[in-house]
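S.K.: Supplied in structure tokens, the structure appears directly below.
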Amino acid sequence: MKLTRSGKIALIILVVIIVAAAIGVIVYFVVYGKTPFYYHISFKINNVDYDSKFGKPYAQEYIDLNERIVSLMNKTFQASKLRRQYVKSHVVKVRQNNGKTIVDVVLKFKSCYNNNAAMFRDRAKNILLQKLTGDTGSLCIDSSSFKLSDIDTDPAENLLNMCCGRRTKMSPGNKIAGGLDSVEGEWPWQASLQQNNIHRCGATLLSNNWLLTAAHCFVNAKDPREWSVTFGLRLSDSKMKRSVKNIIIHEKYHYPDHDNDIAIVNLSKPVLYTSSIRKICLPEANYNFPPDSDVVVTGWGSRKTDGTSPNVLQKGIMKIIDTDTCNKKEVYDGAITNGMICAGFLEGRIDACQGDSGGPLVSSDSRGIWFLVGIVSWGHECALPNKPGVYTRVTYYRNWITSKTGL
Ligand code: 4AZ
């Protein structure tokens, strides 16, 4: 067949269009075309004695047990017919029964076929049962205790994201006063506390239905019906919103004093955790965050005293300042009490500011798990020399938090 020049060009264009369309379809199926499946499994481990530390998801004992089980699940499925569909597994709870340890695990799979869920479930169950009755390495698993059930996407993601103080995304370095833009999922415990849908304060997620904030946010505005809580990187595009059921202000907070500047917010309906909405870890009452250690403050507060407010969540990387230094005459001249902690720089530069109040000051441990150090409370203007930010010291109020929330 002989083609004219324009015929050849038309043919080439046609081939290019067909190839591009085919690539598009393949990419679509690879990226979007897979349906996630989740299963909830539980089993008893006969050679692991229950330890109360398993109740704390940041405890090394919990992390080690999770790692042993995840590694067993990975090995099991990576050597099975479901290796291409298996995504991940995670221990979501460790319980006890007669002193023995029972673990609850969520498994995630992805498959292009979403019309044969029952067959898929039977396959996963058989693969697991076969493995658990055979060689399970150092874990002695009671296969008769094995249970598997389906679980929907939202509750499954809630369980998979239940760990505290873990973030999914981070961005480099250090407009809080002198701050930098954050990225979605970098500070998943950060919430915006809004009065009649206007951002007023920051708050920190402690569990599905409790947040911690500053008492001074509610001066002259104590009615929970005026307040709501939103999550997400941008104030203009919130990822989740909840109304407030109850506000608990510290009994000994008396405006305009700065002592006991702490309050708890109870949501009217729990939030479901996702990769960008997670809780912070609360430190034990006796934990000490040493002076000069790195901390980060986050919020949608103004960029300078009486300045404009950002839409994107800001972060300010700074240092803890010891109380003796902060109480010096030229700094706060003795105003820092035991329930307060200073952070920032004596030369100024980076600081919390108006609208950051109530928000978190956090610090990560050597494993990269983040703990709540303070609540943005007060300071003399923003980022001035010798006037660092003052925060409510969370460890000082740790038992008060437990008394109100049970956490
Ligand atoms: C405020 O007005 C405020 N520089 C919060 C924090 C600081 C100052 C003021 C700390 O909410």
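We label chains A, B, ... in the order they appear in the structure tokens, count residues from 1 in each chain, and number ligands from 1 in the order shown.
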Give me, as a PyMOL selection string, the set of residues whose atoms come within 6 Å of any atom of ligand 1, counting only C-alpha atoms and all ligand atoms.
M.R.: chain A and resi 351-357+376-382+389
S.K.: If you keep N, CA, C and O atoms, can you produce a file of those selected residues as a compact mmCIF listing (two decimals), in the first residue's frame?
M.R.:
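Resulting contents of result09.txt:
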```txt
# COMPACT_ATOMS: atom_id res chain seq x y z
N ASP A 351 8.94 32.64 66.51
CA ASP A 351 8.08 32.66 67.69
C ASP A 351 6.64 32.35 67.30
O ASP A 351 6.25 32.55 66.14
N ALA A 352 5.86 31.91 68.30
CA ALA A 352 4.41 31.83 68.10
C ALA A 352 3.86 33.25 68.16
O ALA A 352 4.54 34.16 68.65
N CYS A 353 2.65 33.43 67.65
CA CYS A 353 2.07 34.79 67.64
C CYS A 353 0.55 34.70 67.78
O CYS A 353 0.02 33.59 67.92
N GLN A 354 -0.14 35.85 67.71
CA GLN A 354 -1.60 35.84 67.87
C GLN A 354 -2.25 34.84 66.92
O GLN A 354 -1.93 34.82 65.74
N GLY A 355 -3.16 34.01 67.45
CA GLY A 355 -3.84 33.01 66.62
C GLY A 355 -3.17 31.65 66.70
O GLY A 355 -3.74 30.64 66.30
N ASP A 356 -1.94 31.60 67.21
CA ASP A 356 -1.28 30.30 67.44
C ASP A 356 -1.68 29.73 68.79
O ASP A 356 -1.49 28.54 69.05
N SER A 357 -2.21 30.59 69.66
CA SER A 357 -2.59 30.19 71.02
C SER A 357 -3.37 28.88 71.03
O SER A 357 -4.22 28.66 70.17
N VAL A 376 0.66 26.69 73.24
CA VAL A 376 0.97 28.12 73.04
C VAL A 376 0.09 28.94 74.01
O VAL A 376 -1.13 28.81 74.00
N SER A 377 0.74 29.76 74.86
CA SER A 377 -0.02 30.45 75.90
C SER A 377 0.15 31.98 75.85
O SER A 377 -0.81 32.69 75.65
N TRP A 378 1.38 32.48 76.04
CA TRP A 378 1.55 33.95 76.06
C TRP A 378 2.98 34.34 75.72
O TRP A 378 3.83 33.49 75.45
N GLY A 379 3.23 35.63 75.74
CA GLY A 379 4.55 36.18 75.45
C GLY A 379 4.37 37.66 75.23
O GLY A 379 3.23 38.12 75.00
N HIS A 380 5.46 38.41 75.31
CA HIS A 380 5.37 39.84 75.06
C HIS A 380 5.54 40.07 73.56
O HIS A 380 6.63 39.90 73.01
N GLU A 381 4.43 40.40 72.90
CA GLU A 381 4.40 40.52 71.43
C GLU A 381 5.00 39.26 70.78
O GLU A 381 4.89 38.17 71.34
N CYS A 382 5.62 39.39 69.60
CA CYS A 382 6.09 38.19 68.92
C CYS A 382 7.51 38.38 68.39
O CYS A 382 7.79 39.38 67.71
N GLY A 389 8.49 32.83 73.45
CA GLY A 389 7.13 32.37 73.69
C GLY A 389 7.05 31.59 75.00
O GLY A 389 8.01 30.90 75.38
```
S.K.: Enumerate the residues of range 159-218 of chain A with a DSSP assignment of helix (DSSP H, G or I), computed from the backbone, and present them as number ranges by chain.
M.R.: A: 159-160, 215-218
S.K.: Could you check the closest approach to Arg166 in chain A for each of A:Ser275, A:Thr76, A:Asn266, A:Gln130 and tell me which residue wins, using only C-alpha atoms?
M.R.: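 With only C-alpha atoms as the atom set, the closest residue is A:Ser275.
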S.K.: Enumerate, in order of chain and increasing residue number, the residues of range 179-267 of chain A with an atom no farther than 12 Å from range 398-404 of chain A, each with its shortest atom pair and distance in Å to one decimal, counting only C-alpha atoms, as CSV.
M.R.:
```
residue,atom,partner,partner_atom,distance
A:Leu206,CA,A:Ile401,CA,10.0
A:Trp210,CA,A:Lys404,CA,9.9
A:Leu211,CA,A:Ile401,CA,10.3
A:Leu212,CA,A:Ile401,CA,8.7
A:Thr213,CA,A:Ile401,CA,11.3
A:Asn246,CA,A:Lys404,CA,11.5
A:Ile247,CA,A:Lys404,CA,10.8
A:Ile248,CA,A:Lys404,CA,8.1
A:Ile249,CA,A:Lys404,CA,10.2
A:His250,CA,A:Trp400,CA,8.6
A:Glu251,CA,A:Trp400,CA,10.3
A:Lys252,CA,A:Trp400,CA,11.5
A:Asn260,CA,A:Trp400,CA,10.6
A:Ile262,CA,A:Ile401,CA,9.4
A:Ala263,CA,A:Ile401,CA,9.0
A:Ile264,CA,A:Ile401,CA,8.0
A:Val265,CA,A:Lys404,CA,10.3
A:Asn266,CA,A:Lys404,CA,10.2
```
S.K.: Please, could you write that set of residues out with N, CA and C atoms as a PDB file, in the first residue's frame?
M.R.:
```pdb
ATOM      1  N   LEU A 206      -5.768  14.594  70.910  1.00  0.00           N
ATOM      2  CA  LEU A 206      -5.232  13.628  71.889  1.00  0.00           C
ATOM      3  C   LEU A 206      -5.811  12.236  71.673  1.00  0.00           C
ATOM      4  N   TRP A 210     -10.987  13.895  71.912  1.00  0.00           N
ATOM      5  CA  TRP A 210     -10.492  14.901  72.853  1.00  0.00           C
ATOM      6  C   TRP A 210      -9.380  15.731  72.225  1.00  0.00           C
ATOM      7  N   LEU A 211      -9.420  17.063  72.476  1.00  0.00           N
ATOM      8  CA  LEU A 211      -8.319  17.940  72.064  1.00  0.00           C
ATOM      9  C   LEU A 211      -7.867  18.772  73.249  1.00  0.00           C
ATOM     10  N   LEU A 212      -6.618  19.200  73.187  1.00  0.00           N
ATOM     11  CA  LEU A 212      -6.072  20.055  74.232  1.00  0.00           C
ATOM     12  C   LEU A 212      -5.843  21.443  73.634  1.00  0.00           C
ATOM     13  N   THR A 213      -6.152  22.482  74.406  1.00  0.00           N
ATOM     14  CA  THR A 213      -5.936  23.845  73.922  1.00  0.00           C
ATOM     15  C   THR A 213      -5.684  24.768  75.112  1.00  0.00           C
ATOM     16  N   ASN A 246     -18.404  19.784  74.465  1.00  0.00           N
ATOM     17  CA  ASN A 246     -18.126  20.290  75.805  1.00  0.00           C
ATOM     18  C   ASN A 246     -16.737  20.928  75.857  1.00  0.00           C
ATOM     19  N   ILE A 247     -16.627  21.975  76.668  1.00  0.00           N
ATOM     20  CA  ILE A 247     -15.335  22.648  76.884  1.00  0.00           C
ATOM     21  C   ILE A 247     -15.024  22.560  78.373  1.00  0.00           C
ATOM     22  N   ILE A 248     -13.869  22.018  78.718  1.00  0.00           N
ATOM     23  CA  ILE A 248     -13.483  21.911  80.132  1.00  0.00           C
ATOM     24  C   ILE A 248     -12.298  22.852  80.365  1.00  0.00           C
ATOM     25  N   ILE A 249     -12.530  23.917  81.100  1.00  0.00           N
ATOM     26  CA  ILE A 249     -11.480  24.910  81.383  1.00  0.00           C
ATOM     27  C   ILE A 249     -10.895  24.603  82.756  1.00  0.00           C
ATOM     28  N   HIS A 250      -9.574  24.729  82.896  1.00  0.00           N
ATOM     29  CA  HIS A 250      -8.947  24.428  84.196  1.00  0.00           C
ATOM     30  C   HIS A 250      -9.605  25.258  85.305  1.00  0.00           C
ATOM     31  N   GLU A 251      -9.943  24.582  86.387  1.00  0.00           N
ATOM     32  CA  GLU A 251     -10.682  25.219  87.498  1.00  0.00           C
ATOM     33  C   GLU A 251      -9.929  26.427  88.045  1.00  0.00           C
ATOM     34  N   LYS A 252      -8.595  26.390  87.950  1.00  0.00           N
ATOM     35  CA  LYS A 252      -7.807  27.470  88.560  1.00  0.00           C
ATOM     36  C   LYS A 252      -7.285  28.466  87.520  1.00  0.00           C
ATOM     37  N   ASN A 260      -2.209  28.149  84.674  1.00  0.00           N
ATOM     38  CA  ASN A 260      -3.234  27.121  84.368  1.00  0.00           C
ATOM     39  C   ASN A 260      -3.976  27.421  83.061  1.00  0.00           C
ATOM     40  N   ILE A 262      -4.963  26.136  80.342  1.00  0.00           N
ATOM     41  CA  ILE A 262      -5.162  24.835  79.697  1.00  0.00           C
ATOM     42  C   ILE A 262      -6.654  24.500  79.690  1.00  0.00           C
ATOM     43  N   ALA A 263      -7.112  23.943  78.583  1.00  0.00           N
ATOM     44  CA  ALA A 263      -8.524  23.554  78.467  1.00  0.00           C
ATOM     45  C   ALA A 263      -8.620  22.327  77.569  1.00  0.00           C
ATOM     46  N   ILE A 264      -9.712  21.586  77.772  1.00  0.00           N
ATOM     47  CA  ILE A 264      -9.937  20.380  76.983  1.00  0.00           C
ATOM     48  C   ILE A 264     -11.237  20.536  76.209  1.00  0.00           C
ATOM     49  N   VAL A 265     -11.207  20.088  74.953  1.00  0.00           N
ATOM     50  CA  VAL A 265     -12.384  20.171  74.092  1.00  0.00           C
ATOM     51  C   VAL A 265     -12.851  18.749  73.773  1.00  0.00           C
ATOM     52  N   ASN A 266     -14.137  18.515  73.991  1.00  0.00           N
ATOM     53  CA  ASN A 266     -14.723  17.205  73.691  1.00  0.00           C
ATOM     54  C   ASN A 266     -15.575  17.343  72.420  1.00  0.00           C
TER      55      ASN A 266
END
```
S.K.: So that I can check the surroundings of range 179-184 of chain A, please list as a PDB file with N, CA and C atoms, in the first residue's frame every protein, DNA and RNA residue that reaches within 10 Å of it, counting only C-alpha atoms and ignoring chain neighbours fewer than 4 positions away.
M.R.:
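Generated output (out_17.pdb):
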```
ATOM      1  N   ARG A 167       4.061  10.937  61.852  1.00  0.00           N
ATOM      2  CA  ARG A 167       3.571  11.697  60.716  1.00  0.00           C
ATOM      3  C   ARG A 167       3.940  10.981  59.430  1.00  0.00           C
ATOM      4  N   THR A 168       3.187  11.308  58.369  1.00  0.00           N
ATOM      5  CA  THR A 168       3.421  10.608  57.104  1.00  0.00           C
ATOM      6  C   THR A 168       4.289  11.418  56.166  1.00  0.00           C
ATOM      7  N   LYS A 169       4.289  12.728  56.345  1.00  0.00           N
ATOM      8  CA  LYS A 169       5.028  13.580  55.404  1.00  0.00           C
ATOM      9  C   LYS A 169       5.882  14.566  56.182  1.00  0.00           C
ATOM     10  N   MET A 170       6.957  14.984  55.599  1.00  0.00           N
ATOM     11  CA  MET A 170       7.702  16.104  56.171  1.00  0.00           C
ATOM     12  C   MET A 170       8.282  16.943  55.049  1.00  0.00           C
ATOM     13  N   SER A 171       8.586  18.209  55.364  1.00  0.00           N
ATOM     14  CA  SER A 171       9.225  19.064  54.372  1.00  0.00           C
ATOM     15  C   SER A 171      10.434  19.695  55.034  1.00  0.00           C
ATOM     16  N   PRO A 172      11.408  20.130  54.233  1.00  0.00           N
ATOM     17  CA  PRO A 172      12.689  20.534  54.809  1.00  0.00           C
ATOM     18  C   PRO A 172      12.647  21.792  55.671  1.00  0.00           C
ATOM     19  N   GLY A 173      13.715  21.880  56.576  1.00  0.00           N
ATOM     20  CA  GLY A 173      14.060  23.004  57.413  1.00  0.00           C
ATOM     21  C   GLY A 173      12.966  23.726  58.196  1.00  0.00           C
ATOM     22  N   ASN A 174      13.195  25.307  58.284  1.00  0.00           N
ATOM     23  CA  ASN A 174      12.359  26.241  58.963  1.00  0.00           C
ATOM     24  C   ASN A 174      11.773  27.201  57.921  1.00  0.00           C
ATOM     25  N   LYS A 175       4.676  30.777  58.548  1.00  0.00           N
ATOM     26  CA  LYS A 175       5.153  32.097  58.878  1.00  0.00           C
ATOM     27  C   LYS A 175       4.428  32.505  60.128  1.00  0.00           C
ATOM     28  N   PRO A 188      -0.125  16.023  61.813  1.00  0.00           N
ATOM     29  CA  PRO A 188      -1.512  15.533  61.679  1.00  0.00           C
ATOM     30  C   PRO A 188      -2.374  15.730  62.929  1.00  0.00           C
ATOM     31  N   GLY A 232      -6.650  19.717  58.690  1.00  0.00           N
ATOM     32  CA  GLY A 232      -6.159  19.855  57.316  1.00  0.00           C
ATOM     33  C   GLY A 232      -5.170  21.000  57.224  1.00  0.00           C
ATOM     34  N   LEU A 233      -4.334  20.943  56.179  1.00  0.00           N
ATOM     35  CA  LEU A 233      -3.238  21.902  56.014  1.00  0.00           C
ATOM     36  C   LEU A 233      -3.715  23.341  55.826  1.00  0.00           C
ATOM     37  N   ARG A 234      -4.774  23.496  55.006  1.00  0.00           N
ATOM     38  CA  ARG A 234      -5.244  24.843  54.654  1.00  0.00           C
ATOM     39  C   ARG A 234      -6.546  25.168  55.380  1.00  0.00           C
ATOM     40  N   SER A 275      -4.323   9.217  57.165  1.00  0.00           N
ATOM     41  CA  SER A 275      -2.880   9.472  57.140  1.00  0.00           C
ATOM     42  C   SER A 275      -2.577  10.936  57.469  1.00  0.00           C
ATOM     43  N   SER A 276      -3.585  11.844  57.398  1.00  0.00           N
ATOM     44  CA  SER A 276      -3.293  13.234  57.760  1.00  0.00           C
ATOM     45  C   SER A 276      -4.062  13.725  58.988  1.00  0.00           C
ATOM     46  N   ILE A 277      -4.747  12.826  59.696  1.00  0.00           N
ATOM     47  CA  ILE A 277      -5.373  13.193  60.981  1.00  0.00           C
ATOM     48  C   ILE A 277      -4.996  12.114  61.995  1.00  0.00           C
ATOM     49  N   VAL A 296       9.161  22.144  67.921  1.00  0.00           N
ATOM     50  CA  VAL A 296       8.511  22.796  66.790  1.00  0.00           C
ATOM     51  C   VAL A 296       7.154  23.317  67.246  1.00  0.00           C
ATOM     52  N   VAL A 297       6.860  24.566  66.910  1.00  0.00           N
ATOM     53  CA  VAL A 297       5.526  25.113  67.167  1.00  0.00           C
ATOM     54  C   VAL A 297       4.826  25.256  65.829  1.00  0.00           C
ATOM     55  N   THR A 298       3.532  24.935  65.798  1.00  0.00           N
ATOM     56  CA  THR A 298       2.795  25.030  64.534  1.00  0.00           C
ATOM     57  C   THR A 298       1.497  25.804  64.744  1.00  0.00           C
ATOM     58  N   GLY A 299       1.043  26.464  63.680  1.00  0.00           N
ATOM     59  CA  GLY A 299      -0.221  27.188  63.789  1.00  0.00           C
ATOM     60  C   GLY A 299      -0.505  28.077  62.593  1.00  0.00           C
ATOM     61  N   ARG A 303       1.892  36.397  61.217  1.00  0.00           N
ATOM     62  CA  ARG A 303       3.319  36.290  60.902  1.00  0.00           C
ATOM     63  C   ARG A 303       4.158  37.242  61.727  1.00  0.00           C
ATOM     64  N   PRO A 310      -1.723  33.402  57.804  1.00  0.00           N
ATOM     65  CA  PRO A 310      -1.547  32.543  56.632  1.00  0.00           C
ATOM     66  C   PRO A 310      -2.735  31.585  56.448  1.00  0.00           C
ATOM     67  N   ASN A 311      -2.876  31.061  55.246  1.00  0.00           N
ATOM     68  CA  ASN A 311      -3.890  30.030  54.982  1.00  0.00           C
ATOM     69  C   ASN A 311      -3.277  28.644  55.197  1.00  0.00           C
ATOM     70  N   VAL A 312      -1.970  28.542  54.903  1.00  0.00           N
ATOM     71  CA  VAL A 312      -1.271  27.249  55.043  1.00  0.00           C
ATOM     72  C   VAL A 312      -0.629  27.172  56.433  1.00  0.00           C
ATOM     73  N   LEU A 313      -0.761  26.019  57.077  1.00  0.00           N
ATOM     74  CA  LEU A 313      -0.202  25.815  58.417  1.00  0.00           C
ATOM     75  C   LEU A 313       1.313  26.100  58.430  1.00  0.00           C
ATOM     76  N   GLN A 314       1.737  26.903  59.406  1.00  0.00           N
ATOM     77  CA  GLN A 314       3.151  27.278  59.522  1.00  0.00           C
ATOM     78  C   GLN A 314       3.836  26.483  60.622  1.00  0.00           C
ATOM     79  N   LYS A 315       5.154  26.328  60.474  1.00  0.00           N
ATOM     80  CA  LYS A 315       5.935  25.682  61.527  1.00  0.00           C
ATOM     81  C   LYS A 315       7.117  26.569  61.881  1.00  0.00           C
ATOM     82  N   GLY A 316       7.480  26.558  63.159  1.00  0.00           N
ATOM     83  CA  GLY A 316       8.656  27.303  63.610  1.00  0.00           C
ATOM     84  C   GLY A 316       9.532  26.354  64.404  1.00  0.00           C
ATOM     85  N   ILE A 317      10.761  26.156  63.950  1.00  0.00           N
ATOM     86  CA  ILE A 317      11.677  25.239  64.624  1.00  0.00           C
ATOM     87  C   ILE A 317      12.493  26.041  65.622  1.00  0.00           C
ATOM     88  N   MET A 318      12.495  25.626  66.884  1.00  0.00           N
ATOM     89  CA  MET A 318      13.147  26.427  67.926  1.00  0.00           C
ATOM     90  C   MET A 318      13.696  25.538  69.034  1.00  0.00           C
ATOM     91  N   ARG A 349      13.400  36.338  66.416  1.00  0.00           N
ATOM     92  CA  ARG A 349      13.440  35.670  65.111  1.00  0.00           C
ATOM     93  C   ARG A 349      12.253  34.733  64.861  1.00  0.00           C
ATOM     94  N   ILE A 350      12.167  33.622  65.635  1.00  0.00           N
ATOM     95  CA  ILE A 350      11.095  32.649  65.386  1.00  0.00           C
ATOM     96  C   ILE A 350      10.256  32.531  66.651  1.00  0.00           C
ATOM     97  N   ASP A 351       8.941  32.639  66.509  1.00  0.00           N
ATOM     98  CA  ASP A 351       8.078  32.657  67.694  1.00  0.00           C
ATOM     99  C   ASP A 351       6.635  32.354  67.299  1.00  0.00           C
ATOM    100  N   ALA A 352       5.862  31.911  68.295  1.00  0.00           N
ATOM    101  CA  ALA A 352       4.412  31.827  68.104  1.00  0.00           C
ATOM    102  C   ALA A 352       3.863  33.248  68.164  1.00  0.00           C
TER     103      ALA A 352
END
```
S.K.: In Å, with one decimal, what is the gap from CA of Cys164 in chain A to CA of Pro360 in chain A?
M.R.: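 That distance, rounded to one decimal, is 14.1 Å.
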S.K.: Could you work out how far CA of Gly99 in chain A lies from CA of Asn208 in chain A, giving the answer in Å with one decimal?
M.R.: 28.4 Å
S.K.: Could you work out how far CA of Ala215 in chain A lies from CA of Arg393 in chain A, giving the answer in Å with one decimal?
M.R.: 13.3 Å
S.K.: With only C-alpha atoms as the atoms that count, which of A:Ala79, A:Val103, A:Gly7, A:Asp122 lies nearest to Tyr50 in chain A?
M.R.: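 Looking at the shortest contact to Tyr50 in chain A, the residue is A:Val103.
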S.K.: In range 23-272 of chain A, what's strand (DSSP E) per DSSP? Answer as a ChimeraX atom specification?
M.R.: /A:35-49,86-97,100-111,141-150,180-181,190-195,198-205,210-213,227-231,240-249,263-267
